[in-house]
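What follows is the content of input-v9.cif, which has mmCIF, C-alpha atoms:
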```
data_my_file
loop_
_atom_site.label_atom_id
_atom_site.label_comp_id
_atom_site.auth_asym_id
_atom_site.auth_seq_id
_atom_site.Cartn_x
_atom_site.Cartn_y
_atom_site.Cartn_z
CA MET A 123 -20.85 2.60 20.52
CA SER A 124 -17.14 2.75 21.28
CA PHE A 125 -15.18 5.93 21.64
CA LYS A 126 -13.61 5.42 18.21
CA ASP A 127 -17.05 4.94 16.68
CA THR A 128 -18.22 8.19 18.20
CA LEU A 129 -15.06 9.95 17.09
CA ARG A 130 -15.37 8.76 13.49
CA THR A 131 -19.04 9.62 13.26
CA ALA A 132 -18.37 13.13 14.54
CA ALA A 133 -15.36 13.59 12.25
CA LEU A 134 -17.26 12.59 9.14
CA ALA A 135 -20.07 14.93 10.10
CA ASN A 136 -17.60 17.81 10.36
CA ALA A 137 -17.87 19.87 7.19
CA GLY A 138 -14.27 21.03 7.21
CA LEU A 139 -12.85 17.55 7.52
CA ALA A 140 -15.37 15.87 5.23
CA ALA A 141 -14.48 18.25 2.40
CA LEU A 142 -10.87 17.12 2.61
CA ILE A 143 -11.10 13.41 3.39
CA GLY A 144 -14.63 12.37 2.45
CA THR A 145 -15.17 9.17 4.43
CA GLN A 146 -11.50 8.19 4.45
CA TRP A 147 -11.15 8.01 8.24
CA TYR A 148 -9.70 4.67 9.37
CA ASP A 149 -8.84 2.71 12.46
CA THR A 150 -5.11 2.03 12.97
CA GLN A 151 -4.22 0.99 9.41
CA LEU A 152 -4.61 2.64 6.03
CA PRO A 153 -6.41 0.25 3.65
CA GLN A 154 -4.71 -0.52 0.35
CA THR A 155 -7.68 0.67 -1.65
CA VAL A 156 -7.33 4.34 -0.73
CA ALA A 157 -6.36 6.54 -3.66
CA LEU A 158 -4.53 9.61 -2.43
CA PRO A 159 -3.67 12.70 -4.50
CA PRO A 160 -2.65 12.91 -7.25
CA THR A 161 -4.35 9.59 -8.08
CA GLY A 162 -7.40 10.50 -6.00
CA SER A 163 -8.64 13.84 -4.82
CA LEU A 164 -9.03 13.27 -1.07
CA GLY A 165 -6.62 12.63 1.78
CA ALA A 166 -7.12 10.28 4.69
CA VAL A 167 -6.82 10.13 8.45
CA VAL A 168 -5.82 7.02 10.39
CA VAL A 169 -6.44 6.92 14.14
CA GLN A 170 -4.44 4.82 16.54
CA GLY A 171 -5.01 4.63 20.27
CA ILE A 172 -1.71 5.12 22.05
CA SER A 173 -2.64 4.90 25.70
CA ASN A 174 -5.64 5.21 27.89
CA PRO A 175 -4.75 5.15 31.56
CA ARG A 176 -7.83 5.01 33.72
CA MET A 177 -8.27 7.15 36.79
CA TYR A 178 -9.06 5.58 40.13
CA SER A 179 -9.90 6.41 43.67
CA PHE A 180 -9.02 3.88 46.31
CA THR A 181 -12.35 2.22 45.99
CA GLN A 182 -13.45 2.67 42.43
CA ARG A 183 -12.57 3.51 38.86
CA MET A 184 -13.62 6.94 37.67
CA SER A 185 -15.94 7.24 34.74
CA GLY A 186 -13.67 9.54 32.74
CA SER A 187 -10.12 9.29 31.42
CA TYR A 188 -7.55 11.11 29.36
CA ALA A 189 -6.66 8.96 26.39
CA ARG A 190 -3.89 9.64 23.93
CA TYR A 191 -4.70 9.15 20.29
CA GLN A 192 -2.45 9.51 17.29
CA PHE A 193 -3.89 10.83 14.05
CA THR A 194 -1.83 10.13 10.97
CA VAL A 195 -2.83 12.46 8.18
CA TRP A 196 -2.14 11.16 4.68
CA GLY A 197 -2.04 14.19 2.41
CA GLY A 198 -0.79 12.84 -0.89
CA GLN A 199 2.23 13.25 -3.13
CA PHE A 200 4.09 16.30 -4.29
CA SER A 201 3.30 19.90 -3.51
CA ALA A 202 -0.46 19.37 -3.75
CA GLY A 203 -0.19 16.52 -1.28
CA ALA A 204 1.83 18.62 1.15
CA GLU A 205 -0.73 21.42 0.97
CA ASN A 206 -3.51 18.89 1.41
CA ARG A 207 -1.75 17.43 4.46
CA ASP A 208 -1.55 20.85 6.11
CA ALA A 209 -5.19 21.63 5.34
CA ILE A 210 -6.37 18.33 6.80
CA ALA A 211 -4.24 18.75 9.92
CA SER A 212 -5.64 22.24 10.44
CA ALA A 213 -9.20 21.01 10.01
CA LEU A 214 -8.48 18.16 12.40
CA VAL A 215 -7.26 20.49 15.13
CA GLN A 216 -10.35 22.65 14.70
CA PHE A 217 -12.53 19.55 14.85
CA LEU A 218 -10.89 18.44 18.08
CA ASP A 219 -11.66 21.83 19.62
CA GLN A 220 -15.33 21.08 19.12
CA PHE A 221 -15.48 17.33 19.60
CA ASN A 222 -17.68 16.59 22.58
CA ALA A 223 -16.71 13.33 24.26
CA ILE A 224 -17.84 14.32 27.73
CA GLY A 225 -21.56 14.70 27.23
CA ILE A 226 -21.75 18.36 28.19
CA ALA A 227 -23.26 20.51 25.46
CA GLY A 228 -22.62 24.15 24.75
CA LEU A 229 -18.99 24.56 25.75
CA SER A 230 -16.87 27.00 23.75
CA ARG A 231 -14.24 24.30 23.41
CA TYR A 232 -13.78 20.75 24.64
CA PRO A 233 -10.94 19.04 26.53
CA ASN A 234 -9.07 17.57 23.60
CA PHE A 235 -5.54 18.85 23.62
CA VAL A 236 -3.09 18.53 20.78
CA VAL A 237 0.25 17.60 22.31
CA GLY A 238 2.19 16.63 19.21
CA ASP A 239 2.26 17.79 15.60
CA ARG A 240 5.03 16.27 13.52
CA ASP A 241 5.65 16.16 9.79
CA SER A 242 6.44 12.82 8.22
CA LEU A 243 6.40 11.13 4.85
CA PHE A 244 5.98 7.71 3.36
CA PRO A 245 8.27 6.75 0.46
CA GLN A 246 6.48 6.10 -2.79
CA THR A 247 7.48 5.33 -6.33
CA ASP A 248 8.02 8.76 -7.82
CA GLY A 249 7.56 10.96 -4.77
CA PRO A 250 6.77 10.42 -1.09
CA ILE A 251 3.35 10.78 0.45
CA PHE A 252 3.34 13.75 2.78
CA GLN A 253 2.03 12.99 6.24
CA LYS A 254 1.35 14.78 9.48
CA VAL A 255 1.29 12.93 12.79
CA VAL A 256 -0.95 14.68 15.29
CA ASP A 257 -1.08 13.45 18.87
CA ALA A 258 -3.95 14.50 21.13
CA MET A 259 -4.94 13.92 24.72
CA MET A 260 -8.70 13.50 24.75
CA PHE A 261 -10.82 13.54 27.83
CA SER A 262 -13.90 11.41 27.56
CA GLU A 263 -16.59 10.01 29.71
CA ASP A 264 -16.11 6.28 30.22
CA PRO A 265 -14.32 5.45 26.96
CA SER A 266 -14.16 1.85 25.89
CA MET B 203 41.09 -10.26 -37.38
CA LEU B 204 37.86 -11.83 -36.26
CA GLN B 205 36.67 -8.73 -34.45
CA THR B 206 34.90 -7.11 -37.36
CA PRO B 207 32.52 -10.02 -38.11
CA PHE B 208 31.72 -10.37 -34.43
CA ASN B 209 31.03 -6.66 -34.11
CA SER B 210 28.75 -6.89 -37.07
CA LEU B 211 26.85 -9.76 -35.50
CA VAL B 212 26.51 -7.94 -32.20
CA GLN B 213 25.14 -4.88 -33.92
CA GLU B 214 22.49 -7.04 -35.55
CA VAL B 215 21.19 -8.46 -32.30
CA MET B 216 18.88 -5.65 -31.28
CA PRO B 217 17.43 -4.93 -34.74
CA ARG B 218 16.68 -8.64 -35.15
CA ALA B 219 15.12 -8.86 -31.72
CA ALA B 220 12.98 -5.82 -32.48
CA SER B 221 11.86 -7.15 -35.83
CA SER B 222 10.94 -10.46 -34.22
CA GLY B 223 8.23 -8.76 -32.17
CA PHE B 224 9.72 -9.42 -28.74
CA PHE B 225 9.60 -5.71 -27.96
CA ASP B 226 5.91 -5.48 -27.23
CA SER B 227 5.98 -2.39 -25.01
CA THR B 228 7.13 1.18 -25.15
CA CYS B 229 8.95 3.18 -22.53
CA THR B 230 8.96 6.92 -22.08
CA ILE B 231 11.38 8.56 -19.68
CA GLN B 232 10.27 11.69 -17.86
CA ALA B 233 12.15 14.22 -15.76
CA PRO B 234 10.76 16.40 -12.97
CA ASP B 235 10.59 20.11 -13.73
CA GLY B 236 12.66 20.89 -10.65
CA ASN B 237 10.16 23.39 -9.32
CA SER B 238 8.78 23.45 -5.81
CA GLY B 239 5.37 24.33 -4.46
CA PRO B 240 4.75 27.11 -1.93
CA GLY B 241 5.89 24.92 0.97
CA GLY B 242 8.98 23.57 -0.74
CA ALA B 243 7.67 20.19 -1.84
CA PRO B 244 8.33 19.03 -5.41
CA SER B 245 5.75 20.24 -7.89
CA GLY B 246 5.03 16.77 -9.23
CA THR B 247 5.16 18.04 -12.80
CA TYR B 248 7.14 15.88 -15.20
CA ALA B 249 8.10 16.33 -18.83
CA ASP B 250 9.23 13.85 -21.44
CA VAL B 251 12.98 13.65 -21.98
CA ALA B 252 13.88 14.38 -25.58
CA GLY B 253 14.94 11.26 -27.43
CA LEU B 254 13.51 8.95 -24.79
CA VAL B 255 9.86 8.91 -25.79
CA GLY B 256 8.11 5.75 -26.91
CA VAL B 257 11.25 3.64 -26.96
CA LEU B 258 10.52 0.03 -27.84
CA CYS B 259 11.16 -2.25 -24.89
CA MET B 260 10.59 -5.63 -23.30
CA ASP B 261 8.85 -5.42 -19.94
CA ALA B 262 9.54 -8.46 -17.78
CA PRO B 263 9.83 -9.47 -14.15
CA PRO B 264 13.37 -9.48 -12.77
CA SER B 265 13.30 -13.26 -12.40
CA VAL B 266 11.12 -16.09 -13.63
CA ALA B 267 12.25 -18.37 -10.84
CA ARG B 268 9.37 -17.46 -8.57
CA VAL B 269 6.51 -15.03 -8.23
CA GLN B 270 7.56 -11.93 -6.39
CA ALA B 271 6.06 -11.65 -2.94
CA THR B 272 6.64 -8.07 -1.93
CA GLU B 273 3.60 -7.11 0.06
CA VAL B 274 4.57 -5.96 3.54
CA LYS B 275 1.83 -5.69 6.10
CA ALA B 276 2.86 -3.17 8.74
CA LEU B 277 0.91 -1.70 11.61
CA ALA B 278 0.06 1.56 9.93
CA GLU B 279 -0.15 0.58 6.28
CA ILE B 280 0.33 -2.20 3.76
CA MET B 281 2.95 -1.59 1.13
CA ALA B 282 3.41 -3.55 -2.05
CA LYS B 283 6.24 -3.34 -4.53
CA GLN B 284 6.27 -4.40 -8.13
CA MET B 285 9.69 -4.84 -9.68
CA ARG B 286 10.31 -4.91 -13.43
CA HIS B 287 13.32 -5.55 -15.62
CA VAL B 288 12.95 -3.57 -18.80
CA LEU B 289 15.20 -3.90 -21.84
CA LEU B 290 15.25 -0.83 -24.07
CA ASN B 291 15.87 -1.16 -27.76
CA GLY B 292 18.85 1.15 -27.94
CA TYR B 293 21.83 2.68 -26.23
CA PHE B 294 20.80 5.43 -23.82
CA PRO B 295 23.65 6.14 -21.38
CA GLN B 296 22.04 9.39 -20.26
CA ILE B 297 19.40 7.52 -18.25
CA ALA B 298 21.91 6.38 -15.62
CA ALA B 299 22.74 9.99 -14.82
CA GLY B 300 19.09 10.98 -14.91
CA VAL B 301 18.19 8.47 -12.21
CA ALA B 302 19.89 10.65 -9.62
CA THR B 303 17.74 13.61 -10.59
CA GLY B 304 14.46 11.79 -10.21
CA TRP B 305 13.70 10.56 -13.70
CA ARG B 306 10.86 8.09 -13.97
CA ALA B 307 9.72 5.60 -16.59
CA ILE B 308 6.28 5.09 -18.08
CA VAL B 309 5.87 1.64 -19.56
CA THR B 310 2.97 0.90 -21.88
CA ARG B 311 1.99 -2.39 -23.45
CA ILE B 312 1.50 -1.79 -27.15
CA ALA B 313 -1.45 -4.17 -27.04
CA GLY B 314 -3.35 -1.51 -25.18
CA SER B 315 -3.09 -1.94 -21.44
CA THR B 316 -2.81 1.02 -19.13
CA SER B 317 0.48 2.80 -18.80
CA ILE B 318 2.28 2.32 -15.50
CA VAL B 319 4.60 4.87 -13.95
CA TYR B 320 7.70 3.39 -12.37
CA ASP B 321 10.57 4.67 -10.33
CA ILE B 322 13.92 3.97 -11.99
CA LEU B 323 16.13 2.25 -9.45
CA GLY B 324 18.98 1.73 -11.85
CA ALA B 325 20.01 1.84 -15.49
CA GLU B 326 22.91 0.26 -17.26
CA VAL B 327 24.11 -0.08 -20.81
CA ASP B 328 25.85 -3.05 -22.38
CA SER B 329 29.50 -3.29 -23.34
CA GLN B 330 28.73 -3.08 -27.07
CA SER B 331 26.58 0.07 -26.84
CA THR B 332 23.52 -1.61 -28.30
CA GLN B 333 21.03 -1.79 -25.46
CA THR B 334 19.96 -0.35 -22.11
CA ARG B 335 18.52 -2.20 -19.14
CA LEU B 336 16.36 -0.62 -16.49
CA ASP B 337 15.55 -1.83 -13.00
CA LEU B 338 12.12 -0.39 -12.22
CA GLN B 339 9.97 -0.33 -9.14
CA LEU B 340 6.37 0.52 -8.46
CA ALA B 341 5.76 0.94 -4.73
CA GLY B 342 2.46 1.87 -3.23
CA VAL B 343 0.26 1.67 -0.18
#
```
Can you give me the file's structure in the form of structure tokens?
Amino acid sequence: MSFKDTLRTAALANAGLAALIGTQWYDTQLPQTVALPPTGSLGAVVVQGISNPRMYSFTQRMSGSYARYQFTVWGGQFSAGAENRDAIASALVQFLDQFNAIGIAGLSRYPNFVVGDRDSLFPQTDGPIFQKVVDAMMFSEDPS
Amino acid sequence: MLQTPFNSLVQEVMPRAASSGFFDSTCTIQAPDGNSGPGGAPSGTYADVAGLVGVLCMDAPPSVARVQATEVKALAEIMAKQMRHVLLNGYFPQIAAGVATGWRAIVTRIAGSTSIVYDILGAEVDSQSTQTRLDLQLAGV
């Protein structure tokens, strides 16, 4: 199972996120079939890997790395969409606090650090879709 | 001297077109309420504009020369646009000004298909004050 597989499985099992996005968690590109508010009731999250520099000693590659991932939150249109965007982004940050990619159970928080949190929007017909772009550095054990 | 007969003929164009059955759709223009939500985003609430409800219209593509190919596949999303050229049965100069304030158009086939909400990209009236043309767009991911 790849790192993104693990990440998606954990995200969809997170009650806070699941209540806001259902299963609308996607890899790199938002599918055309997603109905965002006000057409649909749920937002979406799209994950894109930005960089994943490995760590090395002189003689070997380490088993862990800090990878940068970008989460684009699609909230929806109008005021409800903007509120939805903020709620999803908040739930995402809380999820990242608890997402265990290092295989050590029981920590109070895990080494996933949000390093960027930027508002954005996507032009639509009668009102833009409100977005939030969240960047995180995520430490994981031997990510693919 | 010949102006009066010509004027009369021009004024008959739209009524004759309407009675012929070419206007097989209706168009309703809506305006945003101007209110904002708690964070400052538009409320998304629209209301019909008086006098611009259920106006008979012809809903057509902007050109019959070729099928529009507007789908753009980008890294993060796929966006498609649908453009329409809609002829309203009447003279409605107020729409051009309303475009700047976010008015939108809902076009419905009288035959019973679903209504579609479009963004109004432009509106213009003819020189004889008999008709109004709308350039509409539906964009979505």
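In terms of minimum interatomic distance to Met281 (chain B), A:Pro153 ranks closest within A:Gln253, A:Pro153, A:Tyr148, A:Phe125, counting only C-alpha atoms.
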task: Taking the file above as input, evaluate the PyMOL selection byres ((chain A) within 10 of (chain B)) and report the hits as a PyMOL selection string.
output: chain A and resi 149-158+160+168-170+194+199-205+208+244-252
- request: Quote the spacing between CA of Ser163 (chain A) and CA of Arg207 (chain A) in Å to one decimal place.
  value: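 Here the two named atoms are 12.1 Å from each other.
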task: Could you tell me which residues the PyMOL selection byres ((chain A and resi 215) around 12) returns for this structure, as a PyMOL selection string?
output: chain A and resi 133+136+138-139+193+195+208-214+216-221+231-232+234-239+254-260
- request: Skip Ala223 (chain A) itself and residues of its chain fewer than 6 positions away, then list as a list in words all residues within 10 Å of it, counting all atoms listed in the file.
  value: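 The contact residues come out as Phe125, Thr128, Leu129, Ala132, Gly186, Tyr232, Pro233, Asn234, Met260, Phe261, Ser262, Glu263, Asp264 and Pro265 of chain A.
Applied to this file, the PyMOL selection byres ((chain B and resi 313) around 8) selects B:Asp226, B:Ser227, B:Arg311, B:Ile312, B:Gly314, B:Ser315.
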- request: Have a look at CA of Tyr293 (chain B) and CA of Gln330 (chain B) and let me know their distance in Å, one decimal.
  value: 9.0 Å
message: Would you compute the distance between CA of Ala219 (chain B) and CA of Ile297 (chain B)? Give it in Å to one decimal.
response: 21.6 Å
query: Excluding same-chain residues fewer than 5 positions from region 255-270 of chain B, what lies within 8 Å of it counting all atoms listed in the file, as a list in words?
result: Ala220, Phe224, Phe225, Asp226, Ser227, Thr228, Cys229, Thr230, Ile231, Asp250, Gln284, Met285, Arg286, His287, Val288, Leu289, Leu290, Asn291, Val309 and Asp337 of chain B
field: Pick from A:Arg183, A:Ile224, A:Tyr178, A:Leu164, whichever lies nearest to Gly197 (chain A) using only C-alpha atoms
entry: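 Of the candidates, the smallest distance to Gly197 (chain A) is held by A:Leu164.
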Could I see region 305-316 of chain B restored to all heavy atoms, set down as a PDB file, in the coordinates of the input?
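Result file selection00.pdb:
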```
ATOM      1  N   TRP B 305      14.413  10.985 -12.489  1.00  0.00           N
ATOM      2  CA  TRP B 305      13.700  10.560 -13.700  1.00  0.00           C
ATOM      3  C   TRP B 305      12.820   9.354 -13.391  1.00  0.00           C
ATOM      4  O   TRP B 305      13.129   8.544 -12.515  1.00  0.00           O
ATOM      5  CB  TRP B 305      14.711  10.182 -14.791  1.00  0.00           C
ATOM      6  CG  TRP B 305      15.381  11.363 -15.417  1.00  0.00           C
ATOM      7  CD1 TRP B 305      15.389  12.645 -14.956  1.00  0.00           C
ATOM      8  CD2 TRP B 305      16.173  11.346 -16.617  1.00  0.00           C
ATOM      9  NE1 TRP B 305      16.133  13.442 -15.783  1.00  0.00           N
ATOM     10  CE2 TRP B 305      16.629  12.680 -16.812  1.00  0.00           C
ATOM     11  CE3 TRP B 305      16.548  10.384 -17.522  1.00  0.00           C
ATOM     12  CZ2 TRP B 305      17.429  13.030 -17.892  1.00  0.00           C
ATOM     13  CZ3 TRP B 305      17.348  10.729 -18.598  1.00  0.00           C
ATOM     14  CH2 TRP B 305      17.779  12.041 -18.785  1.00  0.00           C
ATOM     15  N   ARG B 306      11.748   9.235 -14.129  1.00  0.00           N
ATOM     16  CA  ARG B 306      10.860   8.090 -13.970  1.00  0.00           C
ATOM     17  C   ARG B 306      10.547   7.499 -15.339  1.00  0.00           C
ATOM     18  O   ARG B 306      10.803   8.130 -16.368  1.00  0.00           O
ATOM     19  CB  ARG B 306       9.567   8.510 -13.257  1.00  0.00           C
ATOM     20  CG  ARG B 306       8.680   9.449 -14.063  1.00  0.00           C
ATOM     21  CD  ARG B 306       7.465   9.878 -13.257  1.00  0.00           C
ATOM     22  NE  ARG B 306       6.511  10.628 -14.067  1.00  0.00           N
ATOM     23  CZ  ARG B 306       5.372  11.136 -13.582  1.00  0.00           C
ATOM     24  NH1 ARG B 306       5.068  10.997 -12.303  1.00  0.00           N
ATOM     25  NH2 ARG B 306       4.546  11.798 -14.388  1.00  0.00           N
ATOM     26  N   ALA B 307      10.005   6.299 -15.334  1.00  0.00           N
ATOM     27  CA  ALA B 307       9.720   5.600 -16.590  1.00  0.00           C
ATOM     28  C   ALA B 307       8.237   5.257 -16.669  1.00  0.00           C
ATOM     29  O   ALA B 307       7.640   4.811 -15.691  1.00  0.00           O
ATOM     30  CB  ALA B 307      10.561   4.329 -16.671  1.00  0.00           C
ATOM     31  N   ILE B 308       7.665   5.486 -17.832  1.00  0.00           N
ATOM     32  CA  ILE B 308       6.280   5.090 -18.080  1.00  0.00           C
ATOM     33  C   ILE B 308       6.299   3.970 -19.110  1.00  0.00           C
ATOM     34  O   ILE B 308       6.745   4.161 -20.244  1.00  0.00           O
ATOM     35  CB  ILE B 308       5.452   6.276 -18.596  1.00  0.00           C
ATOM     36  CG1 ILE B 308       5.495   7.432 -17.590  1.00  0.00           C
ATOM     37  CG2 ILE B 308       4.011   5.844 -18.851  1.00  0.00           C
ATOM     38  CD1 ILE B 308       4.793   8.680 -18.057  1.00  0.00           C
ATOM     39  N   VAL B 309       5.847   2.812 -18.692  1.00  0.00           N
ATOM     40  CA  VAL B 309       5.870   1.640 -19.560  1.00  0.00           C
ATOM     41  C   VAL B 309       4.449   1.315 -20.011  1.00  0.00           C
ATOM     42  O   VAL B 309       3.533   1.240 -19.192  1.00  0.00           O
ATOM     43  CB  VAL B 309       6.498   0.429 -18.835  1.00  0.00           C
ATOM     44  CG1 VAL B 309       6.483  -0.805 -19.733  1.00  0.00           C
ATOM     45  CG2 VAL B 309       7.923   0.748 -18.396  1.00  0.00           C
ATOM     46  N   THR B 310       4.293   1.150 -21.302  1.00  0.00           N
ATOM     47  CA  THR B 310       2.970   0.900 -21.880  1.00  0.00           C
ATOM     48  C   THR B 310       3.018  -0.330 -22.774  1.00  0.00           C
ATOM     49  O   THR B 310       3.878  -0.431 -23.656  1.00  0.00           O
ATOM     50  CB  THR B 310       2.531   2.107 -22.736  1.00  0.00           C
ATOM     51  OG1 THR B 310       2.593   3.285 -21.945  1.00  0.00           O
ATOM     52  CG2 THR B 310       1.111   1.909 -23.255  1.00  0.00           C
ATOM     53  N   ARG B 311       2.122  -1.246 -22.549  1.00  0.00           N
ATOM     54  CA  ARG B 311       1.990  -2.390 -23.450  1.00  0.00           C
ATOM     55  C   ARG B 311       1.378  -1.898 -24.765  1.00  0.00           C
ATOM     56  O   ARG B 311       0.337  -1.234 -24.757  1.00  0.00           O
ATOM     57  CB  ARG B 311       1.058  -3.443 -22.852  1.00  0.00           C
ATOM     58  CG  ARG B 311       1.613  -4.125 -21.627  1.00  0.00           C
ATOM     59  CD  ARG B 311       2.503  -5.298 -22.009  1.00  0.00           C
ATOM     60  NE  ARG B 311       3.030  -5.929 -20.795  1.00  0.00           N
ATOM     61  CZ  ARG B 311       3.933  -6.892 -20.807  1.00  0.00           C
ATOM     62  NH1 ARG B 311       4.419  -7.327 -21.937  1.00  0.00           N
ATOM     63  NH2 ARG B 311       4.365  -7.410 -19.682  1.00  0.00           N
ATOM     64  N   ILE B 312       2.011  -2.235 -25.851  1.00  0.00           N
ATOM     65  CA  ILE B 312       1.500  -1.790 -27.150  1.00  0.00           C
ATOM     66  C   ILE B 312       0.107  -2.350 -27.387  1.00  0.00           C
ATOM     67  O   ILE B 312      -0.748  -1.720 -28.003  1.00  0.00           O
ATOM     68  CB  ILE B 312       2.467  -2.193 -28.277  1.00  0.00           C
ATOM     69  CG1 ILE B 312       3.792  -1.422 -28.111  1.00  0.00           C
ATOM     70  CG2 ILE B 312       1.871  -1.916 -29.646  1.00  0.00           C
ATOM     71  CD1 ILE B 312       4.874  -1.850 -29.053  1.00  0.00           C
ATOM     72  N   ALA B 313      -0.148  -3.527 -26.849  1.00  0.00           N
ATOM     73  CA  ALA B 313      -1.450  -4.170 -27.040  1.00  0.00           C
ATOM     74  C   ALA B 313      -2.591  -3.371 -26.417  1.00  0.00           C
ATOM     75  O   ALA B 313      -3.751  -3.679 -26.656  1.00  0.00           O
ATOM     76  CB  ALA B 313      -1.425  -5.570 -26.461  1.00  0.00           C
ATOM     77  N   GLY B 314      -2.294  -2.396 -25.615  1.00  0.00           N
ATOM     78  CA  GLY B 314      -3.350  -1.510 -25.180  1.00  0.00           C
ATOM     79  C   GLY B 314      -3.636  -1.437 -23.707  1.00  0.00           C
ATOM     80  O   GLY B 314      -4.604  -0.809 -23.282  1.00  0.00           O
ATOM     81  N   SER B 315      -2.814  -2.045 -22.871  1.00  0.00           N
ATOM     82  CA  SER B 315      -3.090  -1.940 -21.440  1.00  0.00           C
ATOM     83  C   SER B 315      -2.686  -0.553 -20.935  1.00  0.00           C
ATOM     84  O   SER B 315      -2.035   0.219 -21.624  1.00  0.00           O
ATOM     85  CB  SER B 315      -2.335  -3.016 -20.671  1.00  0.00           C
ATOM     86  OG  SER B 315      -0.961  -2.717 -20.651  1.00  0.00           O
ATOM     87  N   THR B 316      -3.074  -0.279 -19.730  1.00  0.00           N
ATOM     88  CA  THR B 316      -2.810   1.020 -19.130  1.00  0.00           C
ATOM     89  C   THR B 316      -1.320   1.230 -18.904  1.00  0.00           C
ATOM     90  O   THR B 316      -0.598   0.297 -18.563  1.00  0.00           O
ATOM     91  CB  THR B 316      -3.545   1.115 -17.779  1.00  0.00           C
ATOM     92  OG1 THR B 316      -4.902   0.792 -17.975  1.00  0.00           O
ATOM     93  CG2 THR B 316      -3.407   2.503 -17.193  1.00  0.00           C
TER      94      THR B 316
END
```
